[in-house]
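Enquirer: Below is query-v4.txt; it holds compact mmCIF, C-alpha atoms.
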# COMPACT_ATOMS: atom_id res chain seq x y z
CA MET A 59 -26.74 40.31 24.26
CA LEU A 60 -23.77 38.14 23.32
CA TYR A 61 -25.44 35.15 24.94
CA ARG A 62 -28.79 35.68 23.22
CA SER A 63 -27.34 36.48 19.79
CA LEU A 64 -24.47 33.97 19.63
CA LEU A 65 -24.03 31.53 22.52
CA ARG A 66 -27.65 30.54 23.05
CA PRO A 67 -28.26 29.73 19.36
CA LEU A 68 -25.15 27.53 19.42
CA LEU A 69 -26.22 25.76 22.60
CA PHE A 70 -29.81 25.41 21.41
CA PHE A 71 -28.54 23.83 18.19
CA LEU A 72 -27.30 20.93 20.33
CA PRO A 73 -29.58 18.34 21.96
CA PRO A 74 -30.72 19.77 25.31
CA GLU A 75 -28.96 17.21 27.52
CA CYS A 76 -25.72 17.65 25.58
CA ALA A 77 -25.87 21.44 25.89
CA HIS A 78 -26.61 21.18 29.59
CA GLN A 79 -23.67 18.85 30.17
CA ILE A 80 -21.30 21.16 28.29
CA ALA A 81 -22.41 24.19 30.31
CA LEU A 82 -22.19 22.27 33.59
CA SER A 83 -18.76 20.86 32.76
CA LEU A 84 -17.41 24.32 31.96
CA CYS A 85 -18.79 25.72 35.22
CA ALA A 86 -17.25 22.83 37.16
CA HIS A 87 -13.68 23.61 36.05
CA SER A 88 -11.32 24.99 38.68
CA TRP A 89 -10.75 28.16 36.65
CA ALA A 90 -14.46 28.86 36.05
CA GLU A 91 -15.13 30.90 39.19
CA GLY A 92 -12.22 33.29 38.59
CA PHE A 93 -13.04 33.63 34.90
CA LEU A 94 -16.67 34.45 35.60
CA ARG A 95 -15.74 37.07 38.20
CA LEU A 96 -13.42 38.73 35.66
CA LEU A 97 -15.98 38.52 32.87
CA LEU A 98 -18.97 39.83 34.80
CA PRO A 99 -19.36 42.95 36.95
CA PRO A 100 -19.68 42.47 40.74
CA PRO A 101 -23.18 41.42 41.79
CA PRO A 102 -25.24 44.23 43.29
CA SER A 103 -25.26 44.67 47.05
CA GLY A 104 -28.20 45.70 49.16
CA LEU A 105 -30.33 42.59 48.59
CA GLU A 106 -29.13 40.63 51.62
CA ARG A 107 -31.62 38.87 53.87
CA THR A 108 -31.51 36.38 56.73
CA VAL A 109 -33.74 33.30 56.76
CA TRP A 110 -33.39 30.34 59.18
CA GLY A 111 -30.42 32.16 60.66
CA LEU A 112 -28.62 31.96 57.30
CA ARG A 113 -27.41 35.03 55.41
CA PHE A 114 -28.45 35.11 51.76
CA PRO A 115 -26.56 37.74 49.67
CA SER A 116 -29.54 37.83 47.30
CA PRO A 117 -33.03 36.33 47.44
CA LEU A 118 -32.51 34.64 44.06
CA GLY A 119 -30.98 31.17 44.01
CA LEU A 120 -30.34 28.46 41.44
CA ALA A 121 -33.07 25.83 41.70
CA ALA A 122 -32.50 22.12 42.09
CA GLY A 123 -32.05 20.21 38.85
CA PHE A 124 -29.28 22.21 37.24
CA ASP A 125 -26.39 20.97 39.40
CA LYS A 126 -27.74 17.62 40.55
CA ASP A 127 -24.48 16.32 42.01
CA GLY A 128 -22.93 19.52 43.38
CA VAL A 129 -20.06 19.86 40.91
CA ALA A 130 -20.01 23.65 40.35
CA LEU A 131 -21.00 25.44 43.56
CA ALA A 132 -18.46 28.26 43.32
CA SER A 133 -19.56 29.17 39.80
CA TRP A 134 -23.16 29.76 40.88
CA GLU A 135 -21.96 32.30 43.43
CA ALA A 136 -19.72 33.93 40.81
CA LEU A 137 -22.74 34.27 38.51
CA GLY A 138 -24.50 36.34 41.17
CA PHE A 139 -26.92 33.84 42.70
CA GLY A 140 -27.61 34.25 46.42
CA PHE A 141 -27.71 30.50 47.07
CA CYS A 142 -28.02 27.23 45.20
CA GLU A 143 -29.88 23.98 45.66
CA VAL A 144 -28.02 20.78 44.80
CA GLY A 145 -29.99 17.73 43.68
CA THR A 146 -32.31 16.00 43.59
CA VAL A 147 -30.02 13.47 45.32
CA THR A 148 -31.25 9.91 45.86
CA PRO A 149 -29.90 7.58 48.56
CA LEU A 150 -28.36 5.21 45.99
CA PRO A 151 -27.00 5.93 42.49
CA GLN A 152 -29.78 6.11 39.92
CA GLU A 153 -29.84 6.27 36.12
CA PRO A 154 -32.21 8.69 34.33
CA ASN A 155 -35.46 7.60 32.77
CA PRO A 156 -35.25 6.31 29.18
CA ALA A 157 -35.15 8.95 26.43
CA PRO A 158 -36.79 11.23 25.47
CA ARG A 159 -36.10 13.07 28.72
CA LEU A 160 -35.66 16.76 27.97
CA GLN A 161 -37.18 19.14 25.44
CA ARG A 162 -36.91 22.89 24.85
CA LEU A 163 -40.00 24.89 23.98
CA PRO A 164 -38.50 28.24 22.89
CA GLN A 165 -41.76 29.85 21.77
CA SER A 166 -43.21 29.26 25.24
CA GLU A 167 -39.91 29.93 27.02
CA ALA A 168 -40.31 26.59 28.72
CA LEU A 169 -38.58 23.27 29.31
CA TRP A 170 -40.17 19.83 29.49
CA ASN A 171 -38.38 17.06 31.32
CA ARG A 172 -38.86 13.53 32.59
CA LEU A 173 -35.33 12.95 33.84
CA GLY A 174 -36.49 11.04 36.90
CA PHE A 175 -33.88 11.94 39.55
CA PRO A 176 -30.63 10.85 37.86
CA SER A 177 -28.11 10.92 40.69
CA GLU A 178 -24.64 9.78 41.66
CA GLY A 179 -26.16 8.83 45.01
CA ALA A 180 -25.96 10.48 48.42
CA GLU A 181 -22.70 8.84 49.49
CA ARG A 182 -20.73 10.02 46.46
CA VAL A 183 -22.24 13.51 46.52
CA ALA A 184 -21.46 13.79 50.25
CA LEU A 185 -17.85 12.80 49.57
CA ARG A 186 -17.51 15.42 46.83
CA LEU A 187 -18.97 18.16 49.04
CA ALA A 188 -16.68 17.19 51.92
CA GLN A 189 -13.66 17.38 49.62
CA ARG A 190 -14.71 20.79 48.30
CA ARG A 191 -15.04 22.14 51.82
CA ALA A 192 -11.70 20.65 52.88
CA LYS A 193 -9.98 22.26 49.89
CA LYS A 194 -11.64 25.61 50.70
CA GLN A 195 -13.54 25.51 47.41
CA TRP A 196 -16.80 26.25 49.18
CA PRO A 197 -18.99 29.27 48.37
CA SER A 198 -19.81 31.88 50.97
CA PHE A 199 -23.55 31.66 50.27
CA PRO A 200 -25.95 29.01 51.68
CA VAL A 201 -26.02 25.64 49.93
CA GLY A 202 -29.30 23.76 49.97
CA ILE A 203 -29.62 20.07 49.16
CA ASN A 204 -32.73 18.55 47.60
CA VAL A 205 -33.32 14.87 48.39
CA GLY A 206 -35.71 12.31 46.93
CA LYS A 207 -36.56 8.63 47.02
CA SER A 208 -35.21 6.02 44.64
CA ARG A 209 -37.44 5.01 41.77
CA GLN A 210 -37.82 1.41 42.92
CA THR A 211 -38.70 2.22 46.55
CA ASP A 212 -42.33 1.64 47.52
CA LEU A 213 -44.22 4.60 48.98
CA ASP A 214 -44.57 2.84 52.33
CA ARG A 215 -40.76 2.67 52.57
CA ALA A 216 -40.09 6.13 51.17
CA ALA A 217 -39.35 7.64 54.58
CA GLY A 218 -36.31 5.38 54.85
CA ASP A 219 -34.95 6.69 51.55
CA TYR A 220 -35.34 10.33 52.57
CA THR A 221 -33.78 9.65 55.97
CA ARG A 222 -30.80 7.79 54.49
CA ALA A 223 -30.06 10.50 51.93
CA PHE A 224 -30.52 13.26 54.50
CA SER A 225 -28.29 11.56 57.08
CA LEU A 226 -25.43 11.16 54.61
CA LEU A 227 -25.68 14.73 53.35
CA ARG A 228 -26.63 16.52 56.57
CA PRO A 229 -23.08 17.67 57.45
CA HIS A 230 -22.71 19.40 54.10
CA GLY A 231 -25.96 21.32 53.49
CA ASP A 232 -27.15 24.55 55.08
CA PHE A 233 -30.79 23.64 54.47
CA PHE A 234 -32.62 20.67 52.94
CA VAL A 235 -35.60 20.28 50.64
CA LEU A 236 -37.70 17.10 50.53
CA ASN A 237 -38.85 16.60 46.94
CA LEU A 238 -42.27 14.98 47.27
CA SER A 239 -43.81 16.38 44.12
CA SER A 240 -41.85 15.60 40.95
CA PRO A 241 -44.10 14.16 38.22
CA ASN A 242 -41.18 12.12 36.83
CA THR A 243 -41.00 9.40 39.51
CA PRO A 244 -44.08 7.13 39.53
CA GLY A 245 -46.23 7.64 42.61
CA LEU A 246 -43.98 10.25 44.18
CA ARG A 247 -46.65 12.94 44.27
CA SER A 248 -48.74 10.70 46.54
CA LEU A 249 -46.24 11.50 49.29
CA GLN A 250 -47.97 14.88 49.60
CA GLN A 251 -50.95 13.07 51.15
CA GLU A 252 -51.27 13.58 54.89
CA ARG A 253 -50.29 10.07 56.04
CA HIS A 254 -47.16 9.82 53.90
CA LEU A 255 -46.19 13.45 54.43
CA ARG A 256 -46.30 13.17 58.20
CA THR A 257 -44.35 9.90 58.15
CA VAL A 258 -41.56 11.30 55.97
CA LEU A 259 -41.26 14.51 57.99
CA GLU A 260 -41.12 12.72 61.33
CA ALA A 261 -38.55 10.22 60.04
CA VAL A 262 -36.24 12.94 58.74
CA ALA A 263 -36.70 14.98 61.92
CA GLY A 264 -35.54 11.96 63.90
CA ALA A 265 -32.23 12.10 62.01
CA ASN A 266 -31.84 15.85 62.57
CA PRO A 267 -30.54 16.45 66.12
CA PRO A 268 -29.69 19.92 67.44
CA PRO A 269 -28.46 22.15 66.01
CA ALA A 270 -31.08 21.08 63.50
CA LYS A 271 -30.76 21.89 59.81
CA PRO A 272 -33.81 23.64 58.25
CA ILE A 273 -36.10 21.16 56.48
CA LEU A 274 -38.37 22.35 53.64
CA VAL A 275 -40.95 20.54 51.51
CA LYS A 276 -41.33 21.08 47.76
CA ILE A 277 -44.92 20.87 46.54
CA ALA A 278 -46.71 20.52 43.20
CA PRO A 279 -48.26 23.42 41.25
CA ASP A 280 -51.57 21.76 40.35
CA LEU A 281 -53.03 21.25 43.83
CA GLU A 282 -56.46 22.62 44.69
CA GLU A 283 -56.79 25.00 47.60
CA LYS A 284 -58.32 22.25 49.73
CA GLU A 285 -55.28 20.04 49.09
CA LEU A 286 -52.89 22.91 49.77
CA GLY A 287 -54.70 23.65 53.01
CA ALA A 288 -54.40 20.04 54.16
CA ILE A 289 -50.66 20.00 53.37
CA LEU A 290 -50.16 23.32 55.14
CA GLU A 291 -51.94 22.04 58.24
CA VAL A 292 -49.55 19.08 58.47
CA LEU A 293 -46.49 21.26 57.92
CA LEU A 294 -47.51 23.89 60.46
CA ARG A 295 -47.94 21.20 63.11
CA GLY A 296 -44.94 19.12 62.11
CA PRO A 297 -41.16 19.50 62.03
CA CYS A 298 -41.03 21.69 58.90
CA ASP A 299 -39.23 24.98 58.37
CA GLY A 300 -40.51 26.13 54.98
CA LEU A 301 -42.08 25.40 51.62
CA VAL A 302 -40.81 25.51 48.05
CA ALA A 303 -43.61 26.30 45.61
CA THR A 304 -43.64 24.93 43.09
CA ASN A 305 -42.30 21.89 41.28
CA THR A 306 -42.83 21.37 37.54
CA LEU A 307 -46.31 21.07 36.07
CA PRO A 308 -47.32 17.58 34.84
CA SER A 309 -47.58 17.76 31.05
CA PRO A 310 -47.49 15.36 28.08
CA GLY A 311 -44.41 15.50 25.89
CA PRO A 312 -42.95 13.48 23.03
CA ARG A 313 -44.68 10.14 22.41
CA GLY A 314 -47.34 11.11 24.93
CA LEU A 315 -44.94 10.58 27.84
CA VAL A 316 -45.79 12.55 30.97
CA GLY A 317 -43.11 14.88 32.25
CA GLY A 318 -42.85 18.21 34.01
CA LEU A 319 -43.17 21.65 32.42
CA SER A 320 -41.13 24.58 33.77
CA GLY A 321 -40.69 28.20 32.77
CA LYS A 322 -43.24 30.80 31.66
CA PRO A 323 -46.26 28.44 31.59
CA LEU A 324 -45.75 27.83 35.30
CA ALA A 325 -45.46 31.48 36.37
CA LYS A 326 -49.09 32.31 37.15
CA ARG A 327 -49.85 29.09 38.98
CA SER A 328 -46.69 29.36 41.07
CA THR A 329 -47.56 32.90 42.13
CA GLU A 330 -51.13 31.92 42.98
CA THR A 331 -49.85 29.07 45.13
CA ILE A 332 -47.41 31.34 46.97
CA ARG A 333 -50.12 33.92 47.57
CA PHE A 334 -52.51 31.32 49.01
CA LEU A 335 -49.85 29.77 51.24
CA ALA A 336 -48.68 33.16 52.48
CA ARG A 337 -52.22 34.16 53.39
CA GLU A 338 -53.13 30.88 55.08
CA SER A 339 -49.85 30.47 56.97
CA ALA A 340 -49.76 34.11 58.08
CA GLY A 341 -45.99 34.17 57.77
CA ARG A 342 -45.41 31.14 60.02
CA LEU A 343 -43.53 29.25 57.28
CA PRO A 344 -40.95 30.94 55.03
CA LEU A 345 -41.88 30.43 51.36
CA VAL A 346 -39.48 29.90 48.47
CA ALA A 347 -41.00 30.70 45.07
CA ALA A 348 -39.98 28.72 41.99
CA GLY A 349 -41.57 28.81 38.57
CA GLY A 350 -41.49 31.28 35.69
CA ILE A 351 -38.94 33.81 36.96
CA PHE A 352 -37.24 35.44 33.95
CA ASP A 353 -36.73 39.07 34.99
CA ALA A 354 -36.96 41.48 37.91
CA ALA A 355 -40.69 42.03 37.41
CA ASP A 356 -41.32 38.30 37.73
CA ALA A 357 -39.13 38.17 40.83
CA GLN A 358 -40.86 41.14 42.45
CA GLU A 359 -44.27 39.62 41.74
CA LYS A 360 -43.29 36.50 43.70
CA LEU A 361 -41.90 38.57 46.58
CA ASP A 362 -45.05 40.68 46.68
CA ALA A 363 -47.11 37.48 46.80
CA GLY A 364 -45.33 36.47 50.01
CA ALA A 365 -42.13 34.66 49.07
CA VAL A 366 -38.98 35.38 51.08
CA LEU A 367 -36.63 33.62 48.64
CA LEU A 368 -36.73 32.81 44.93
CA GLU A 369 -35.37 30.01 42.75
CA ALA A 370 -34.91 29.82 38.99
CA TYR A 371 -33.71 27.29 36.43
CA THR A 372 -35.45 27.76 33.09
CA GLY A 373 -35.05 31.55 33.15
CA PHE A 374 -31.30 31.05 33.62
CA VAL A 375 -31.18 28.71 30.61
CA PHE A 376 -32.97 31.22 28.38
CA ARG A 377 -31.37 34.43 29.69
CA GLY A 378 -27.79 33.30 30.26
CA PRO A 379 -24.85 34.28 32.51
CA SER A 380 -26.07 37.79 33.37
CA PHE A 381 -29.45 36.47 34.53
CA ALA A 382 -28.97 36.69 38.31
CA ARG A 383 -27.17 40.05 38.17
CA ASP A 384 -29.83 41.54 35.88
CA ILE A 385 -32.59 40.52 38.28
CA GLY A 386 -30.64 41.85 41.26
CA ARG A 387 -30.13 45.23 39.61
CA GLY A 388 -33.78 45.32 38.60
CA LEU A 389 -34.96 44.60 42.14
CA LEU A 390 -32.75 47.37 43.51
CA SER A 391 -33.86 49.91 40.89
CA GLY A 392 -37.48 49.13 41.70
CA ARG A 393 -36.87 50.28 45.27
CA SER A 394 -35.56 53.70 44.24
Rewrite the structure from the file as structure tokens, please.
Expert:
Amino acid sequence: MLYRSLLRPLLFFLPPECAHQIALSLCAHSWAEGFLRLLLPPPPSGLERTVWGLRFPSPLGLAAGFDKDGVALASWEALGFGFCEVGTVTPLPQEPNPAPRLQRLPQSEALWNRLGFPSEGAERVALRLAQRRAKKQWPSFPVGINVGKSRQTDLDRAAGDYTRAFSLLRPHGDFFVLNLSSPNTPGLRSLQQERHLRTVLEAVAGANPPPAKPILVKIAPDLEEKELGAILEVLLRGPCDGLVATNTLPSPGPRGLVGGLSGKPLAKRSTETIRFLARESAGRLPLVAAGGIFDAADAQEKLDAGAVLLEAYTGFVFRGPSFARDIGRGLLSGRS
């Protein structure tokens, strides 16, 4: 209630990128984890699950995009998330797209963005993660890393970008997500086509010797069932360990610029995609649901549709620090 009545209005008074940077900087401080654990009650137990041989304390994780460079891992665990996904990380440092890049849509409980993979680059992120682990500042939950291609890289050379970023970051992530579906990098979504998809997967697999790290693919929300079926066929035959569904929905924003819409407007389409993939894959690929999760009912709907894990970003922005704990308690109460 404090967040919704006082803190959120203050943060929403600021430009969205400024508010995000303030929140991220606070969470990145060395004292943040301890402060959050004192401020908030312990996260609920009884939601643990094992996927890819990894133990997740809760099925709900923080989606890629919030902590792009892995600066606040311990705080996400302290807030009650069961895992987090760093990134998207590109092989080389990359500046964001020109402004406008981020817009809040409070009446729709949505965010619109065209950030375009701003990243410190895989080498610097890998160094930071190595330092955190060496200093024992590493969370006890799984850390996923989302990787993407650089803006200037041609599609025919995209596999090299994914392989380079993955190779640099491989020692530090528990699982990896190949972002092939963001609407904010020109042409990126074409990588979901069979030829490109197979090439990228095989290239990354070649840089993933035993014991191999789980490799997932993140797909778009606006694909027809025929397109989803073709993607699924490639993934079931190829070196892939799971799917994240879905990315943001292509949508016009300020000045007619195309970006990606997240939050409530994405909820139905994300669930439909999960349900289709679960039915067609018959459980052969673990599914991670992302899109429109704001409360326990939303989370349960995705799990009932066939997801084994969940990710949220926009719901966290709108609901605040108690978000993950509230959903955890709601999922547990729904079982009783």
Enquirer: Calculate how many Å separate CA of Thr243 in chain A from CA of Leu335 in chain A, rounding to one decimal.
Expert: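 Rounded to one decimal, the two atoms are 25.1 Å apart.
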Enquirer: Mind giving me the straight-line distance from CA of Leu98 in chain A to CA of Arg377 in chain A in Å, one decimal?
Expert: 14.5 Å
Enquirer: Point out the residue among A:Gly373, A:Pro244, A:Pro279, A:Gly174 with the least atom-to-atom distance to Ala157 in chain A, counting all atoms listed in the file.
Expert: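 Of the candidates, the smallest distance to Ala157 in chain A is held by A:Gly174.
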Enquirer: So which one's closest to Val262 in chain A, A:Pro67, A:Pro100, A:Gly341, A:Pro297? Using only C-alpha atoms, please.
Expert: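 For Val262 in chain A, the nearest of the given residues is A:Pro297.
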Enquirer: Given the choices A:Leu169, A:Val346, A:Ala90, A:Ala288, which gets closest to Ala121 in chain A if the distance is worked out from all atoms listed in the file?
Expert: A:Val346
Enquirer: Write range 69-87 of chain A as a CSV table (one decimal), in the frame of the given file, completed to N, CA and C atoms.
Expert:
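rebuild_31.csv was written with the following content:
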chain,number,residue,atom,x,y,z
A,69,LEU,N,-25.8,26.8,21.6
A,69,LEU,CA,-26.2,25.8,22.6
A,69,LEU,C,-27.6,25.1,22.2
A,70,PHE,N,-28.5,25.9,21.7
A,70,PHE,CA,-29.8,25.4,21.4
A,70,PHE,C,-29.8,24.6,20.1
A,71,PHE,N,-28.7,24.7,19.4
A,71,PHE,CA,-28.5,23.8,18.2
A,71,PHE,C,-28.2,22.4,18.6
A,72,LEU,N,-27.6,22.2,19.8
A,72,LEU,CA,-27.3,20.9,20.3
A,72,LEU,C,-28.5,20.3,21.0
A,73,PRO,N,-28.5,19.0,21.1
A,73,PRO,CA,-29.6,18.3,22.0
A,73,PRO,C,-29.5,18.9,23.4
A,74,PRO,N,-30.7,19.1,24.0
A,74,PRO,CA,-30.7,19.8,25.3
A,74,PRO,C,-29.8,19.2,26.4
A,75,GLU,N,-29.8,17.8,26.5
A,75,GLU,CA,-29.0,17.2,27.5
A,75,GLU,C,-27.5,17.4,27.2
A,76,CYS,N,-27.1,17.4,26.0
A,76,CYS,CA,-25.7,17.6,25.6
A,76,CYS,C,-25.3,19.1,25.9
A,77,ALA,N,-26.2,20.0,25.6
A,77,ALA,CA,-25.9,21.4,25.9
A,77,ALA,C,-25.8,21.7,27.4
A,78,HIS,N,-26.6,21.0,28.1
A,78,HIS,CA,-26.6,21.2,29.6
A,78,HIS,C,-25.3,20.6,30.2
A,79,GLN,N,-24.9,19.5,29.7
A,79,GLN,CA,-23.7,18.8,30.2
A,79,GLN,C,-22.4,19.7,29.8
A,80,ILE,N,-22.4,20.3,28.7
A,80,ILE,CA,-21.3,21.2,28.3
A,80,ILE,C,-21.2,22.4,29.2
A,81,ALA,N,-22.4,23.0,29.4
A,81,ALA,CA,-22.4,24.2,30.3
A,81,ALA,C,-22.0,23.8,31.7
A,82,LEU,N,-22.5,22.7,32.2
A,82,LEU,CA,-22.2,22.3,33.6
A,82,LEU,C,-20.7,21.9,33.7
A,83,SER,N,-20.2,21.2,32.7
A,83,SER,CA,-18.8,20.9,32.8
A,83,SER,C,-17.9,22.1,32.8
A,84,LEU,N,-18.2,23.1,32.0
A,84,LEU,CA,-17.4,24.3,32.0
A,84,LEU,C,-17.5,25.0,33.3
A,85,CYS,N,-18.6,25.1,33.9
A,85,CYS,CA,-18.8,25.7,35.2
A,85,CYS,C,-18.1,25.0,36.3
A,86,ALA,N,-17.9,23.7,36.1
A,86,ALA,CA,-17.2,22.8,37.2
A,86,ALA,C,-15.7,22.9,37.2
A,87,HIS,N,-15.1,23.5,36.1
A,87,HIS,CA,-13.7,23.6,36.0
A,87,HIS,C,-13.1,24.5,37.2
